[in-house]
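Right, one structure below, let's go through it.
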Amino acid sequence: MQSQTLIRSLGNSGVQLSALGFGCMGLVGWYGERNDDEARATVLEALERGVTHYDTAHIYQNGANEQFVGELLKLRRSQVFIATKYGITRDSSGATVIDNHPNSLRAAVESSLQRLATDHIDLFYLHRIDKRVPIEESVGALKELVIAGKLRHLGLSECSVSTLRRAHLVHPITAVQTEYSLWSRDAEQDMLPACRELEVAFVAYSPMGRGFLAGNFRTADELPDNDVRKRQPRFVGENGAHNAKLVDAIKAFAAQHTATAAQIAIAWVLAQGEHIHVIPGMKTRAHLRDNLAALNLKVTAGEWQQLAKTIAALAPHGDRHPPVMMAAIDR
Ligand SMILES: NC(=O)c1ccc[n+]([C@@H]2O[C@H](COP(=O)([O-])OP(=O)(O)OC[C@H]3O[C@@H](n4cnc5c(N)ncnc54)[C@H](OP(=O)(O)O)[C@@H]3O)[C@@H](O)[C@H]2O)c1
C-alpha cells in the first residue's frame, strides 16, 4: 500500500512525522464497543499507509493501552514514533490525582518502557501540570531520563504558556498537546502563537470532539453505559441538543466539498498552522481510510474561515471536560 501521509516537522526537533498521527486512547476501551481484532488491523494498516506518530498514555485503560499498542509497534519500532504521558493517575479510592513528582515520573517511565516493549520513548509528556510541584523539578527529572537515553523528547499537555516557557528553560520542549478543534479554540489566544515563536509543535487532541463533530451521536444517551464520554458536559441534555446544530453546520459544509464531517473537522485543524499535528482516535480501518483522505481535501483559507465563523456564532454549550478535569487544566 502507498504512503498517503502529509509530513510535518515536529517543532524544531529535527523529527519528521505524519501530520496525521494516531490517537490510541479509545482503541481498546473507554469509547464505544471494543473489537480488538479490528483495532489491531487498523493499527497495522496505519503503519502500512505511513502513519508514524502514535499517541498513548499511562492512564489509558490503566496501562492496557500502552501494552496493546506496544505489542503492535514493536514490529516496526525503528520506523515509528511513540508518544506517551504520565501525570493523571488515581489514588486508592479511585479519585483522579495529578502527579508530577520526580519519583513518580521515574517510576512511570520505567513501567511505560516495559509495557511498550521498548528501550526508549520518543516523546514523553506531562499529561497534566501538578501545581504542587515546581515545573522545573518535574522537567529536571525528565531531563535526566533524556540524558540516560530512556526518553528522546519532552512534551507538556494542557499547560499554560507561562509553564511552557519555564519548562523550556530547563530542557527544550518539543511538543504541547492540547484539545483543539472547531469547537475548542482556546489555544488560539496564546498557546498557538507561543508554540510558533518557540518552535514547539502543537499536537491537537480530540479534533473531532470525541466523535461528536463527526456526527456519530447527538446526545450522551446514545452512548453505551461504560463509555467515558457519557460524562462529557457538551453531550449531555440541553447541551447535546444545542451542540447538534454545530454538527449540522459542519455536515452542510462537508456536503459542499464532497467530504465527511470527520474529514472537515480534521482538515480544518491541520489548516490552522504548519506547526500543528493532529491525532484523531480511530479503531476501524474504515475510519482510518476516511481520515487519511482528509489530507487531499481542497478548501480555501476563506472557506475555512467562514466555517469557523459559523461554528463560533453558534457557540458550543458546556465545558470541554467534566469539572474535575477542567480544574486540572493549567491556565
Ligand atoms: N492529552 C490529553 O489530555 C488527551 C485527551 C483526550 C485525547 N487525547 C489523545 O487524542 C486522541 C484523539 O482524541 P479522541 O479520541 O478523544 O477524540 P477524536 O479524535 O476527536 O474522536 C474520536 C472518535 O471519532 C470517531 N471517528 C474517527 N474517525 C472517524 C470518521 N472518519 N468518521 C466518523 N467517526 C470517526 C472514533 O470512532 P472509532 O473509535 O469507532 O473509530 C472515535 O469515537 C486520543 O486517542 C488520545 O491519544 C489526549
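Chain lettering (A, B, ...) mirrors the order of the C-alpha cells, residue numbering begins at 1 for each chain separately, and ligand numbering begins at 1 in order of display.
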
Item to check | Those in region 151-315 of chain A with helix (DSSP H, G or I) from DSSP, as a PyMOL selection string | outcome: chain A and resi 161-170+186-188+191-198+209-211+220-222+228-231+233-235+237-256+261-270+285-296+301-314

Next on the checklist: Please return, as an MDAnalysis selection string, all residues of region 113-287 of chain A that DSSP assigns to strand (DSSP E or B) on the basis of the backbone.
Outcome noted: chainID A and resid 121:126 151:157 173:179 181 184 201:205 276:278 281

Next on the checklist: Which residues are close to Glu38 (chain A), i.e. within 8 Å by only C-alpha atoms, leaving aside same-chain residues fewer than 2 positions away? Reply as a VMD selection string.
Outcome noted: chain A and resid 35 to 36 40 to 42 283 to 285

Can you pull out the residues contacting Thr5 (chain A)? Cut-off 7 Å, using only C-alpha atoms, and skip same-chain residues under 3 positions away; I want them as a PDB file with N, CA, C and O atoms, in the first residue's frame.
```
ATOM      1  N   SER A  18       4.278  11.958  10.201  1.00  0.00           N
ATOM      2  CA  SER A  18       3.000  12.115   9.503  1.00  0.00           C
ATOM      3  C   SER A  18       2.184  13.118  10.327  1.00  0.00           C
ATOM      4  O   SER A  18       2.032  12.956  11.541  1.00  0.00           O
ATOM      5  N   GLY A  50       1.824   4.643   6.229  1.00  0.00           N
ATOM      6  CA  GLY A  50       2.800   5.702   6.525  1.00  0.00           C
ATOM      7  C   GLY A  50       2.472   6.573   7.711  1.00  0.00           C
ATOM      8  O   GLY A  50       3.062   7.646   7.875  1.00  0.00           O
ATOM      9  N   VAL A  51       1.528   6.145   8.564  1.00  0.00           N
ATOM     10  CA  VAL A  51       1.270   6.897   9.803  1.00  0.00           C
ATOM     11  C   VAL A  51       2.373   6.519  10.781  1.00  0.00           C
ATOM     12  O   VAL A  51       2.547   5.345  11.119  1.00  0.00           O
TER      13      VAL A  51
END
```

Item to check | Interatomic distance, atom 13 (O, counted along the ligand's line) of ligand 1 to CA of Ile279 (chain A) (Å, one decimal) | outcome: 6.5 Å

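Within the 10 Å cut-off around region 248-261 of chain A, using only C-alpha atoms and omitting residues fewer than 6 positions from it on the same chain, the listed residues are Leu182, Met208, Gly211, Phe212, Leu213, Ala214, Gly215, Asn216, Ala267, Asp290, Asn291, Ala293, Ala294, Leu297, Lys298, Val299, Glu303, Trp304, Gln306, Leu307, Ala308, Thr310, Ile311 and Leu314 of chain A.
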